[in-house]
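Below is final-v5.txt, holding compact mmCIF, C-alpha atoms.
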```
# COMPACT_ATOMS: atom_id res chain seq x y z
CA MET A 298 0.00 0.00 0.00
CA ILE A 299 1.24 3.45 -0.89
CA ASP A 300 1.04 6.07 1.86
CA PRO A 301 -0.67 9.22 0.45
CA ARG A 302 1.80 11.34 2.45
CA LEU A 303 4.62 10.00 0.26
CA LEU A 304 2.72 11.23 -2.80
CA VAL A 305 2.65 14.72 -1.30
CA THR A 306 6.43 14.61 -0.98
CA LEU A 307 6.82 13.35 -4.55
CA GLU A 308 4.61 16.13 -5.89
CA ALA A 309 6.60 18.79 -4.02
CA VAL A 310 9.97 17.46 -5.27
CA VAL A 311 8.79 17.39 -8.91
CA ARG A 312 7.06 20.78 -8.74
CA LEU A 313 10.03 22.51 -7.09
CA GLY A 314 12.70 20.50 -8.97
CA SER A 315 14.76 19.96 -5.85
CA PHE A 316 14.90 17.76 -2.76
CA ALA A 317 16.15 20.70 -0.71
CA ALA A 318 13.36 23.03 -1.84
CA ALA A 319 10.73 20.34 -1.16
CA ALA A 320 12.20 19.79 2.31
CA ALA A 321 12.01 23.52 3.08
CA GLU A 322 8.38 23.75 1.94
CA LEU A 323 7.25 20.63 3.78
CA GLY A 324 9.21 21.34 6.96
CA TYR A 325 11.40 18.24 6.67
CA THR A 326 15.15 17.74 6.44
CA GLN A 327 16.56 16.99 3.01
CA SER A 328 17.54 13.57 4.33
CA ALA A 329 13.93 12.89 5.38
CA VAL A 330 12.69 13.79 1.89
CA SER A 331 15.25 11.44 0.32
CA GLN A 332 14.15 8.65 2.68
CA GLN A 333 10.48 9.19 1.81
CA ILE A 334 11.18 9.03 -1.95
CA ALA A 335 13.22 5.85 -1.40
CA ASP A 336 10.34 4.39 0.65
CA LEU A 337 7.90 5.27 -2.14
CA GLU A 338 10.09 3.52 -4.70
CA ARG A 339 10.31 0.41 -2.50
CA ARG A 340 6.53 0.31 -2.21
CA ALA A 341 6.02 0.93 -5.94
CA GLY A 342 8.75 -1.50 -6.97
CA LEU A 343 9.97 1.03 -9.57
CA ARG A 344 12.04 4.18 -9.70
CA VAL A 345 9.77 7.24 -9.57
CA LEU A 346 12.42 9.97 -10.04
CA ASP A 347 15.48 10.61 -12.12
CA ARG A 348 17.86 12.47 -9.82
CA ARG A 349 19.95 14.58 -12.20
CA PRO A 350 18.05 16.51 -13.29
CA VAL A 351 15.11 15.86 -10.97
CA ARG A 352 12.19 14.68 -13.09
CA PRO A 353 9.54 11.99 -12.81
CA THR A 354 9.88 8.63 -14.50
CA ALA A 355 6.90 6.94 -16.19
CA ALA A 356 6.07 5.34 -12.84
CA GLY A 357 6.41 8.73 -11.18
CA MET A 358 3.94 10.24 -13.66
CA VAL A 359 1.41 7.54 -12.75
CA LEU A 360 1.81 8.35 -9.07
CA LEU A 361 1.59 12.10 -9.70
CA ARG A 362 -1.72 11.57 -11.48
CA VAL A 363 -2.94 9.52 -8.52
CA ALA A 364 -1.71 12.24 -6.16
CA GLY A 365 -3.87 14.76 -8.01
CA GLU A 366 -6.88 12.49 -7.75
CA VAL A 367 -6.26 11.99 -4.01
CA ARG A 368 -6.05 15.76 -3.46
CA ALA A 369 -9.29 16.28 -5.36
CA ALA A 370 -11.03 13.52 -3.37
CA MET A 371 -9.78 14.94 -0.06
CA SER A 372 -10.94 18.40 -1.07
CA ARG A 373 -14.42 17.04 -1.85
CA ALA A 374 -14.43 15.16 1.45
CA THR A 375 -13.48 18.32 3.35
CA THR A 376 -16.26 20.26 1.64
CA GLU A 377 -18.83 17.55 2.38
CA LEU A 378 -17.70 17.18 6.01
CA THR A 379 -17.94 20.94 6.51
CA ALA A 380 -21.47 20.93 5.07
CA LEU A 381 -22.40 17.95 7.25
CA ASP A 382 -21.03 19.62 10.36
CA ALA A 383 -22.94 22.81 9.55
CA GLY A 384 -26.14 20.90 8.83
CA ARG A 385 -26.30 22.03 5.19
CA ALA A 386 -26.09 18.58 3.62
CA GLY A 387 -25.74 14.89 4.35
CA GLU A 388 -28.00 12.14 5.63
CA VAL A 389 -29.56 11.70 9.06
CA ARG A 390 -31.38 8.60 10.31
CA LEU A 391 -34.30 9.25 12.65
CA SER A 392 -36.50 6.94 14.70
CA ALA A 393 -39.72 7.89 16.50
CA PHE A 394 -42.58 6.23 18.35
CA VAL A 395 -46.01 6.00 16.70
CA SER A 396 -47.79 9.15 17.87
CA ALA A 397 -44.67 11.27 17.36
CA ALA A 398 -44.03 9.77 13.92
CA ASN A 399 -47.42 10.93 12.64
CA THR A 400 -47.55 14.33 14.37
CA ILE A 401 -44.40 16.21 15.32
CA VAL A 402 -42.01 14.39 12.97
CA PRO A 403 -43.72 15.41 9.68
CA ALA A 404 -43.84 19.03 10.85
CA ALA A 405 -40.18 18.91 11.89
CA LEU A 406 -39.08 17.40 8.58
CA ALA A 407 -41.01 20.08 6.69
CA LYS A 408 -39.14 22.77 8.67
CA LEU A 409 -35.83 21.02 8.02
CA ARG A 410 -36.47 20.82 4.28
CA GLU A 411 -37.23 24.54 4.12
CA THR A 412 -33.95 25.52 5.73
CA HIS A 413 -31.70 22.60 4.73
CA PRO A 414 -32.90 21.25 1.37
CA GLY A 415 -29.69 19.29 0.87
CA VAL A 416 -30.31 17.01 3.86
CA VAL A 417 -31.68 13.50 3.27
CA VAL A 418 -33.68 11.95 6.13
CA SER A 419 -34.69 8.32 6.72
CA LEU A 420 -37.42 7.64 9.31
CA THR A 421 -38.00 4.38 11.20
CA GLN A 422 -40.96 3.85 13.52
CA LEU A 423 -39.63 2.40 16.79
CA GLU A 424 -40.81 2.46 20.37
CA THR A 425 -38.53 3.84 23.07
CA THR A 426 -36.62 0.68 24.05
CA ASP A 427 -36.05 -0.30 20.43
CA SER A 428 -34.84 3.24 19.64
CA TYR A 429 -32.26 3.04 22.41
CA ASP A 430 -31.01 -0.26 21.00
CA ALA A 431 -30.84 1.21 17.49
CA LEU A 432 -28.82 4.19 18.72
CA LEU A 433 -26.32 1.99 20.52
CA ARG A 434 -25.96 -0.25 17.44
CA GLY A 435 -25.36 2.81 15.27
CA ASP A 436 -28.47 2.17 13.15
CA VAL A 437 -29.97 5.64 13.82
CA ASP A 438 -28.48 9.06 14.55
CA LEU A 439 -31.36 10.61 16.47
CA ALA A 440 -34.40 9.14 18.22
CA VAL A 441 -37.64 10.57 19.60
CA THR A 442 -38.53 8.72 22.81
CA PHE A 443 -40.80 9.08 25.83
CA ASP A 444 -41.46 7.97 29.36
CA TYR A 445 -44.11 8.75 32.00
CA ASP A 446 -43.60 10.67 35.21
CA ARG A 447 -44.94 7.70 37.20
CA PHE A 448 -43.08 5.13 35.09
CA PRO A 449 -39.61 6.58 34.37
CA GLN A 450 -37.51 4.78 31.78
CA PRO A 451 -33.95 6.14 32.11
CA GLU A 452 -31.78 6.27 29.03
CA PRO A 453 -29.00 3.65 28.86
CA SER A 454 -25.36 4.50 29.37
CA GLY A 455 -23.90 6.07 26.25
CA VAL A 456 -27.12 7.84 25.22
CA ARG A 457 -27.72 11.56 25.80
CA ARG A 458 -31.35 12.60 26.25
CA THR A 459 -32.69 16.15 25.67
CA PRO A 460 -36.23 17.09 26.81
CA LEU A 461 -38.69 18.03 24.06
CA GLY A 462 -41.82 18.74 26.08
CA ARG A 463 -44.63 17.54 28.32
CA ASP A 464 -47.52 15.50 26.96
CA PRO A 465 -50.32 15.31 29.57
CA VAL A 466 -52.72 12.36 29.57
CA VAL A 467 -56.34 13.39 28.93
CA VAL A 468 -59.60 11.46 28.72
CA ALA A 469 -61.02 10.75 25.28
CA LEU A 470 -64.82 10.87 25.39
CA PRO A 471 -67.46 10.41 22.71
CA ALA A 472 -68.74 13.83 21.62
CA THR A 473 -72.19 12.74 22.83
CA HIS A 474 -70.98 11.97 26.35
CA PRO A 475 -72.75 14.00 29.10
CA LEU A 476 -69.38 15.32 30.33
CA ALA A 477 -67.94 16.12 26.90
CA ASP A 478 -68.54 19.87 27.24
CA ARG A 479 -66.68 20.15 30.56
CA GLU A 480 -63.40 22.11 30.72
CA SER A 481 -62.09 19.24 32.85
CA VAL A 482 -63.48 16.09 34.38
CA SER A 483 -62.98 14.50 37.77
CA LEU A 484 -61.77 10.94 37.65
CA ALA A 485 -64.19 9.98 40.39
CA ASP A 486 -67.06 10.86 38.03
CA LEU A 487 -65.69 8.44 35.45
CA ALA A 488 -64.85 5.46 37.63
CA ASP A 489 -67.81 3.35 36.51
CA GLU A 490 -67.57 4.21 32.82
CA SER A 491 -66.83 1.64 30.14
CA TRP A 492 -63.07 2.03 29.81
CA ILE A 493 -61.07 0.84 26.80
CA GLY A 494 -57.92 -0.92 27.96
CA THR A 495 -54.70 -1.35 25.95
CA PRO A 496 -51.23 -2.51 27.01
CA VAL A 497 -50.46 1.18 27.68
CA THR A 498 -53.79 2.53 28.93
CA GLY A 499 -54.31 -0.50 31.17
CA THR A 500 -51.43 0.74 33.32
CA HIS A 501 -52.95 4.20 33.18
CA LEU A 502 -56.26 2.87 34.50
CA ASP A 503 -54.57 1.48 37.61
CA LEU A 504 -52.91 4.82 38.22
CA LEU A 505 -56.09 6.80 37.57
CA ALA A 506 -57.92 4.66 40.10
CA GLU A 507 -55.18 5.44 42.60
CA LEU A 508 -55.37 9.18 41.90
CA ALA A 509 -59.18 9.20 42.15
CA ARG A 510 -59.16 6.96 45.21
CA SER A 511 -61.87 4.94 43.53
CA PRO A 512 -62.19 1.17 43.00
CA GLY A 513 -63.50 1.59 39.43
CA PHE A 514 -61.49 1.96 36.23
CA LYS A 515 -61.80 -1.63 35.04
CA PRO A 516 -61.55 -2.13 31.28
CA ARG A 517 -64.73 -3.41 29.67
CA LEU A 518 -63.21 -3.58 26.20
CA ALA A 519 -59.65 -4.77 25.62
CA PHE A 520 -57.61 -3.74 22.56
CA ASP A 521 -54.22 -5.37 22.00
CA GLY A 522 -52.23 -2.90 19.91
CA ASP A 523 -50.28 0.36 19.94
CA ASP A 524 -52.26 2.38 17.37
CA PHE A 525 -54.09 5.12 19.25
CA ARG A 526 -56.20 5.83 16.17
CA THR A 527 -57.94 2.50 16.70
CA VAL A 528 -58.70 3.48 20.28
CA LEU A 529 -60.14 6.80 19.03
CA GLY A 530 -62.34 4.90 16.58
CA LEU A 531 -63.68 2.75 19.40
CA VAL A 532 -64.38 5.85 21.50
CA ALA A 533 -66.07 7.61 18.57
CA HIS A 534 -68.52 4.74 18.24
CA GLY A 535 -69.49 4.95 21.88
CA LEU A 536 -67.77 1.73 22.94
CA GLY A 537 -66.02 3.36 25.87
CA ILE A 538 -63.68 6.11 27.01
CA ALA A 539 -59.89 6.00 27.25
CA PRO A 540 -56.96 7.86 28.81
CA LEU A 541 -54.59 8.95 26.05
CA PRO A 542 -51.56 11.26 25.76
CA THR A 543 -52.48 14.65 24.32
CA LEU A 544 -50.22 14.13 21.32
CA ALA A 545 -52.24 11.06 20.33
CA LEU A 546 -55.27 13.31 19.84
CA ALA A 547 -53.58 15.86 17.59
CA ASP A 548 -55.66 14.67 14.62
CA THR A 549 -58.66 13.45 16.59
CA VAL A 550 -61.87 12.44 14.86
CA SER A 551 -64.85 14.79 15.01
CA ARG A 552 -66.87 12.45 17.23
CA VAL A 553 -64.25 12.40 19.99
CA VAL A 554 -63.59 15.07 22.63
CA ALA A 555 -60.39 15.31 24.69
CA VAL A 556 -61.02 16.55 28.23
CA PRO A 557 -58.27 17.35 30.78
CA ILE A 558 -58.28 15.58 34.13
CA THR A 559 -59.11 17.63 37.25
CA GLU A 560 -56.92 15.59 39.59
CA GLU A 561 -53.14 15.40 39.47
CA PRO A 562 -52.41 14.59 35.83
CA LEU A 563 -50.38 11.72 34.44
CA VAL A 564 -47.73 13.22 32.16
CA ARG A 565 -45.71 11.75 29.34
CA PHE A 566 -42.31 13.37 28.76
CA LEU A 567 -40.88 13.54 25.24
CA TYR A 568 -37.17 13.51 24.39
CA THR A 569 -34.68 13.50 21.56
CA CYS A 570 -31.82 11.06 22.09
CA ARG A 571 -28.42 10.64 20.46
CA LEU A 572 -25.16 8.95 21.29
CA ASP A 573 -23.25 10.72 24.04
CA THR A 574 -20.25 11.88 22.02
CA THR A 575 -18.06 14.92 22.43
CA ARG A 576 -19.01 16.26 18.99
CA THR A 577 -22.45 16.21 17.44
CA PRO A 578 -22.79 16.68 13.66
CA GLY A 579 -24.61 19.90 12.81
CA ILE A 580 -27.18 17.98 10.79
CA VAL A 581 -28.31 16.10 13.94
CA THR A 582 -28.45 19.33 15.92
CA CYS A 583 -30.56 21.02 13.24
CA LEU A 584 -33.06 18.16 13.17
CA GLY A 585 -33.28 18.22 16.97
CA GLU A 586 -34.09 21.93 16.87
CA CYS A 587 -36.81 21.34 14.26
CA LEU A 588 -38.34 18.60 16.42
CA ALA A 589 -38.34 20.92 19.45
CA ALA A 590 -40.14 23.62 17.46
CA ALA A 591 -42.66 21.16 16.05
CA THR A 592 -43.37 19.75 19.54
CA LYS A 593 -43.98 23.23 20.91
CA ASP A 594 -46.43 23.96 18.08
CA ALA A 595 -48.20 20.61 18.48
CA MET A 596 -48.70 21.00 22.22
CA ALA A 597 -49.94 24.59 21.88
CA TYR A 598 -53.36 23.55 20.64
```
Written as structure tokens, how would this file's structure read?
Amino acid sequence: MIDPRLLVTLEAVVRLGSFAAAAAELGYTQSAVSQQIADLERRAGLRVLDRRPVRPTAAGMVLLRVAGEVRAAMSRATTELTALDAGRAGEVRLSAFVSAANTIVPAALAKLRETHPGVVVSLTQLETTDSYDALLRGDVDLAVTFDYDRFPQPEPSGVRRTPLGRDPVVVALPATHPLADRESVSLADLADESWIGTPVTGTHLDLLAELARSPGFKPRLAFDGDDFRTVLGLVAHGLGIAPLPTLALADTVSRVVAVPITEEPLVRFLYTCRLDTTRTPGIVTCLGECLAAATKDAMAY
């Protein structure tokens, strides 16, 4: 293998026509330049220079052409790395959980495209634990994750987590429900309702019962899935009510009303996560800022 640094020395010797002049320009001794040219010839297996006068051989001309190509490639790489660091170009791999992927992520990507049209984004839908695994494997560059105030899920070692916002849990009621026009509802008033239970909301029901100090909150319809839109469809048809994060109701159907809870709320916290490195590419930082702005807009309604 030929060391590209030896090609730099060869180019300087040929351009300046002297070992001494090349040594002065490169900051080497003349002896060091001679040794580098000798090393290059050993690696190439051919003479690359005629010494008197100093001029390239046919083999030297081949290497000089390669040296030019290497310089051009390194120049392109420097330009691309600078653009990547500044967030102007490159590719970023993003993962997000379901309700973020269909609400804040599209808005964030639209903002990113407006300001950084040269950036290419790939999106993978992953829940929090899977996103952490993907980050640690190097499969994604940035992840949108969550946990609940009552059920914290700390990030693993090696992952840096930045808060995006708070996502309070509300109660989804059919628009025809007697309490649908309330500014907020007391959990005690809902204890005996027909609740829709899911792997996520089932845990919420236990907590809501604790907050309301009521023995109710037993699911009368069980749904095994993670698509909140299905839960909203069930609520819209009067099959029950359900506790859902506010973000899950961003595009709620017309026959469903989201009502805040009077008692101490259950809150979901949203985060962006990346590997905990000393230097973050600008492209990842820019996408994180777009996600923060999109989350703020989404939660404002």
Using only C-alpha atoms, the best pick from A:Ala440, A:Ile493, A:Cys570, A:Val466 as closest to A:Leu536 would be A:Ile493
**OP:** Dump as a VMD selection string all residues having an atom at most 9 Å from (-33.8, 2.5, 21.6), computed in the file's coordinates with only C-alpha atoms.
**Re:** chain A and resid 392 423 to 433 440 442 452 to 453 570
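Distances from A:Leu476, A:Val395, A:Arg565, A:Ile558 to A:Gln450 were compared using only C-alpha atoms, and the smallest one belongs to A:Arg565.
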Worksheet item: Using all atoms listed in the file, which of A:Leu544, A:Glu366, A:Arg447, A:Gln327 sits nearest A:Val402?
Response: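 Going through A:Leu544, A:Glu366, A:Arg447, A:Gln327 one by one, the smallest distance to A:Val402 is for A:Leu544.
The shortest atom-to-atom distance to A:Arg312, with only C-alpha atoms taken into account, belongs to A:Pro353 out of A:Gly324, A:Pro578, A:Pro353, A:Gly342.
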*asked:* Give me, as a ChimeraX atom specification, all polymer residues having an atom no more than 12 Å from A:Tyr568, counting only C-alpha atoms and skipping those fewer than 3 positions away in the same chain.
replied: /A:392-394,397,401,425,428-429,439-445,450-452,456-464,565,571,585-586,588-589,592
What's around A:Ala469 at 7 Å? Count all atoms listed in the file, leave out sequence neighbours fewer than 6 positions away in its own chain, and write the answer as a CSV table (one decimal) with C-alpha atoms, keeping the file's coordinate frame.
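Below is the file that was written, around_21.csv:
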```
chain,number,residue,atom,x,y,z
A,538,ILE,CA,-63.7,6.1,27.0
A,539,ALA,CA,-59.9,6.0,27.2
A,540,PRO,CA,-57.0,7.9,28.8
A,541,LEU,CA,-54.6,9.0,26.0
A,553,VAL,CA,-64.2,12.4,20.0
A,554,VAL,CA,-63.6,15.1,22.6
A,555,ALA,CA,-60.4,15.3,24.7
A,556,VAL,CA,-61.0,16.6,28.2
```
Atom CA of A:Leu563 sits from atom CA of A:Val467 at a separation of 8.3 Å
Box in all listed atoms of stretch 454-471 of chain A, axis-aligned, with 3 Å more on each side; write out centre and edge lengths in Å to one decimal as JSON.
```
{"center_x": -45.7, "center_y": 11.6, "center_z": 26.1, "size_x": 49.6, "size_y": 20.2, "size_z": 12.9}
```
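Here atom CA of A:Ala320 stands at a distance of 19.2 Å from atom CA of A:Leu360.
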Legend entry - d(atom CA of A:Pro471, atom CA of A:Ala488) in Å: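 These atoms are spaced 15.9 Å apart.
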In terms of all atoms listed in the file, the residue from A:Gly435, A:Pro557, A:Gly415, A:Pro403 at minimal distance from A:Arg479 is A:Pro557
